[in-house]
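Participant: Just input.txt, nothing more (compact mmCIF, C-alpha atoms):
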# COMPACT_ATOMS: atom_id res chain seq x y z
CA MET W 14 -40.80 -94.95 -107.00
CA LYS W 15 -39.65 -91.77 -105.28
CA LEU W 16 -36.03 -90.70 -105.48
CA ALA W 17 -35.64 -91.15 -101.70
CA GLU W 18 -36.75 -94.79 -102.01
CA ALA W 19 -34.22 -95.35 -104.78
CA LEU W 20 -31.49 -93.85 -102.59
CA ALA W 21 -32.42 -96.24 -99.79
CA GLU W 22 -32.32 -99.16 -102.24
CA ARG W 23 -28.91 -98.01 -103.48
CA ALA W 24 -27.57 -97.97 -99.91
CA ALA W 25 -28.99 -101.44 -99.24
CA ALA W 26 -27.52 -102.81 -102.48
CA THR W 27 -24.13 -101.30 -101.67
CA ARG W 28 -24.18 -102.96 -98.23
CA ARG W 29 -25.25 -106.26 -99.83
CA VAL W 30 -22.35 -106.14 -102.30
CA GLU W 31 -19.90 -105.54 -99.46
CA GLN W 32 -21.32 -108.46 -97.47
CA LEU W 33 -21.11 -110.73 -100.51
CA ARG W 34 -17.55 -109.58 -101.18
CA GLU W 35 -16.53 -110.52 -97.65
CA ARG W 36 -18.21 -113.92 -97.94
CA VAL W 37 -16.55 -114.60 -101.32
CA VAL W 38 -13.14 -113.70 -99.92
CA SER W 39 -13.59 -115.95 -96.87
CA SER W 40 -14.76 -118.88 -99.06
CA ALA W 41 -12.36 -118.43 -101.99
CA ARG W 42 -9.74 -120.80 -100.51
CA TYR W 43 -10.10 -123.85 -98.35
CA GLN W 44 -7.89 -126.56 -96.99
CA GLU W 45 -7.53 -129.84 -98.84
CA GLY W 46 -9.91 -132.44 -97.46
CA GLU W 47 -12.30 -129.77 -96.16
CA THR W 48 -15.32 -128.24 -97.78
CA PRO W 49 -15.71 -124.48 -97.99
CA ALA W 50 -18.35 -122.90 -95.78
CA GLU W 51 -20.09 -121.45 -98.85
CA ASP W 52 -19.91 -121.81 -102.63
CA ALA W 53 -17.65 -118.90 -103.63
CA ALA W 54 -18.67 -119.13 -107.31
CA GLN W 55 -22.36 -118.87 -106.43
CA LEU W 56 -21.68 -115.92 -104.11
CA LEU W 57 -19.66 -114.23 -106.85
CA ALA W 58 -22.51 -114.70 -109.33
CA GLU W 59 -24.97 -113.26 -106.80
CA ALA W 60 -22.68 -110.27 -106.28
CA GLY W 61 -22.61 -109.75 -110.05
CA GLU W 62 -26.42 -109.67 -110.18
CA VAL W 63 -26.62 -107.18 -107.32
CA LEU W 64 -23.97 -105.02 -109.00
CA ASP W 65 -25.91 -105.02 -112.28
CA THR W 66 -29.02 -103.86 -110.42
CA LEU W 67 -26.97 -101.28 -108.54
CA GLU W 68 -25.51 -99.90 -111.78
CA SER W 69 -28.96 -99.43 -113.27
CA LEU W 70 -30.23 -97.80 -110.08
CA ILE W 71 -27.28 -95.39 -109.93
CA GLN W 72 -27.81 -94.43 -113.58
CA ARG W 73 -31.48 -93.66 -112.91
CA ILE W 74 -30.63 -91.69 -109.76
CA ASN W 75 -28.00 -89.65 -111.63
CA ARG W 76 -30.40 -88.99 -114.52
CA THR W 77 -33.04 -87.82 -112.05
CA ASN W 78 -30.59 -85.64 -110.10
CA ALA W 79 -29.38 -83.96 -113.28
CA SER W 80 -32.86 -83.16 -114.57
CA VAL W 81 -34.70 -82.02 -111.42
CA GLU W 82 -34.66 -78.26 -110.83
CA MET W 83 -34.42 -77.14 -107.21
CA GLU W 84 -34.96 -73.44 -106.62
CA PRO W 85 -32.81 -71.56 -105.68
CA ASP W 86 -30.09 -74.21 -105.92
CA GLY W 87 -30.26 -75.13 -109.61
CA THR W 88 -30.48 -78.83 -110.40
CA LEU W 89 -30.40 -81.44 -107.68
CA THR W 90 -26.91 -82.41 -108.88
CA GLU W 91 -25.75 -78.82 -108.39
CA ALA W 92 -27.34 -78.70 -104.93
CA LEU W 93 -25.55 -81.92 -103.95
CA ALA W 94 -22.24 -80.50 -105.16
CA ARG W 95 -22.89 -77.30 -103.19
CA ARG W 96 -23.68 -79.30 -100.04
CA ASP W 97 -20.54 -81.41 -100.42
CA VAL W 98 -18.34 -78.32 -100.81
CA LEU W 99 -20.05 -76.61 -97.87
CA ARG W 100 -19.25 -79.67 -95.73
CA LEU W 101 -15.60 -79.54 -96.80
CA ARG W 102 -15.45 -75.78 -96.22
CA HIS W 103 -16.97 -76.27 -92.75
CA ALA W 104 -14.39 -78.94 -91.92
CA VAL W 105 -11.51 -76.66 -93.00
CA VAL W 106 -12.80 -73.65 -91.05
CA THR W 107 -13.49 -75.76 -87.96
CA ALA W 108 -10.04 -77.38 -88.12
CA ALA W 109 -8.43 -73.95 -88.47
CA ALA W 110 -10.35 -72.61 -85.46
CA ASP W 111 -9.47 -75.68 -83.40
CA ALA W 112 -5.79 -75.40 -84.30
CA ALA W 113 -5.67 -71.68 -83.53
CA ALA W 114 -7.40 -72.28 -80.21
CA GLY W 115 -4.84 -74.95 -79.31
CA LYS W 116 -7.39 -77.74 -79.16
CA GLY W 117 -5.71 -81.11 -78.89
CA GLU W 118 -2.44 -79.70 -77.58
CA ARG W 119 -1.46 -80.95 -74.18
CA GLY W 120 -0.89 -78.15 -71.72
CA TYR W 121 -1.07 -75.36 -74.28
CA GLY W 122 -0.80 -72.71 -71.55
CA ARG W 123 2.51 -71.66 -70.04
CA GLN W 124 3.52 -73.18 -66.74
CA LEU W 125 6.71 -71.18 -66.25
CA ARG W 126 7.55 -67.65 -67.36
CA SER W 127 10.56 -68.97 -69.22
CA GLU W 128 8.38 -71.09 -71.51
CA LEU W 129 7.37 -69.67 -74.87
CA LEU W 130 3.81 -68.47 -75.16
CA MET W 131 1.78 -69.91 -78.04
CA LEU W 132 -0.27 -67.32 -79.92
CA ALA W 133 -3.19 -67.80 -82.29
CA ALA W 134 -2.39 -66.80 -85.87
CA LEU W 135 -6.08 -66.77 -86.77
CA PRO W 136 -9.14 -65.07 -85.23
CA VAL W 137 -10.77 -68.02 -83.44
CA ALA W 138 -14.09 -66.31 -82.62
CA GLU W 139 -14.52 -65.13 -86.22
CA LEU W 140 -13.76 -68.62 -87.53
CA ARG W 141 -16.27 -70.16 -85.10
CA GLY W 142 -18.87 -67.69 -86.42
CA GLN W 143 -18.07 -68.68 -90.00
CA ALA W 144 -18.34 -72.36 -89.05
CA ASP W 145 -21.75 -71.75 -87.46
CA ALA W 146 -22.99 -69.92 -90.58
CA LEU W 147 -21.71 -72.74 -92.80
CA ALA W 148 -23.38 -75.36 -90.59
CA ARG W 149 -26.68 -73.48 -90.85
CA GLU W 150 -26.33 -73.28 -94.65
CA ILE W 151 -25.57 -77.02 -94.80
CA ARG W 152 -28.69 -77.80 -92.76
CA GLU W 153 -30.86 -75.58 -94.95
CA ILE W 154 -29.68 -77.05 -98.25
CA ASP W 155 -29.89 -80.56 -96.82
CA VAL W 156 -33.55 -79.99 -95.89
CA ARG W 157 -34.29 -78.77 -99.43
CA ILE W 158 -32.50 -81.81 -100.89
CA GLN W 159 -34.38 -84.24 -98.61
CA ARG W 160 -37.71 -82.60 -99.43
CA THR W 161 -36.96 -82.91 -103.14
CA ASN W 162 -35.94 -86.56 -102.72
CA TRP W 163 -39.39 -87.35 -101.32
CA GLU W 164 -41.29 -85.26 -103.87
CA VAL W 165 -39.60 -86.37 -107.11
CA ASP W 166 -40.27 -89.59 -108.98
CA LEU W 167 -37.28 -91.60 -110.16
CA LEU W 168 -36.74 -91.36 -113.92
CA ASP W 169 -36.31 -94.44 -116.10
Take the structure in the file and write it out as structure tokens.
Facilitator:
Amino acid sequence: MKLAEALAERAAATRRVEQLRERVVSSARYQEGETPAEDAAQLLAEAGEVLDTLESLIQRINRTNASVEMEPDGTLTEALARRDVLRLRHAVVTAAADAAAGKGERGYGRQLRSELLMLAALPVAELRGQADALAREIREIDVRIQRTNWEVDLLD
């Protein structure tokens, strides 16, 4: 099985656990004289089985990520960490540029001369350039990660 297939299975198992959790919660109590829509104990047992499978799958994915070398990014785990931090960095820089540009402020221009003028404390154009460079770097590392996911076999 390729790593990408395991990641898809992990996502499906995670969704399945959430669906089962919702069904257990909705069937956990019922009114006297009624019968519950579903057997909460059976649903709970099924959720336990899916969680056991999910745990094993996550362990194998993590083992694979930690052992696969991705040039020039180091291991796959290191590349994933880099991508996550790049995404956070991009969000911070974009938020700073938006705030400095007055995005989201109603009527951020002056209407009367007596009103105070709002000034940008940060260089908006420079921040937008940084955000673009970060977005490009995120796309590039993401492509390398995706390629690796489809090339690497999942470890046991």
Participant: How many Å lie between atom CA of W:Leu67 and atom CA of W:Asn162, rounded to one decimal?
Facilitator: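 Computing it gives 18.2 Å between the two atoms.
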Participant: Between W:Gly115, W:Gln143, W:Glu82, W:Ile74, which is the closest to W:Leu130 once you count only C-alpha atoms?
Facilitator: W:Gly115
Participant: For a quick check of understanding, using only C-alpha atoms, which of W:Arg73, W:Arg28, W:Arg152, W:Arg160 has the smallest distance to W:Asp97?
Facilitator: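 Selected residue with least distance to W:Asp97: W:Arg152.
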Participant: Need the shell around stretch 75-78 of chain W: protein/DNA/RNA residues with any atom at most 9 Å away, counting all atoms listed in the file. Skip same-chain ones fewer than 4 positions apart. Format as a ChimeraX atom specification?
Facilitator: /W:16,70-71,82,88-91,93,165-169
Participant: At a cut-off of 10 Å, using only C-alpha atoms, what residues contact W:Pro49? Leave out same-chain residues fewer than 5 positions from it and give the result as a VMD selection string.
Facilitator: chain W and resid 39 to 44
Participant: Looking at only C-alpha atoms, which of W:Met83, W:Val105, W:Val30, W:Leu57 is the one that sits closest to W:Glu164?
Facilitator: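 Of W:Met83, W:Val105, W:Val30, W:Leu57, the one nearest W:Glu164, counting only C-alpha atoms, is W:Met83.
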Participant: Could you tell me how far atom CA of W:Val106 sits from atom CA of W:Asp145, in Å to one decimal place?
Facilitator: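 According to the coordinates, atom CA of W:Asp145 and atom CA of W:Val106 are separated by 9.8 Å.
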Participant: Can you list, as number ranges by chain, every protein, DNA or RNA residue that comes within 9 Å of W:Thr27 when you count all atoms listed in the file, leaving out same-chain residues fewer than 5 positions away?
Facilitator: W: 22, 32, 63-64, 67
Participant: Under the rule that all atoms listed in the file are counted, which of W:Ile154, W:Leu140, W:Ala58, W:Ala26 is the nearest residue to W:Ala109?
Facilitator: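 Between W:Ile154, W:Leu140, W:Ala58, W:Ala26, the residue approaching W:Ala109 most closely is W:Leu140.
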Participant: I'd like to know which of W:Ala134, W:Ala79, W:Arg36, W:Asp65 is closest to W:Glu51, using all atoms listed in the file.
Facilitator: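 The answer is W:Arg36, which sits nearest to W:Glu51.
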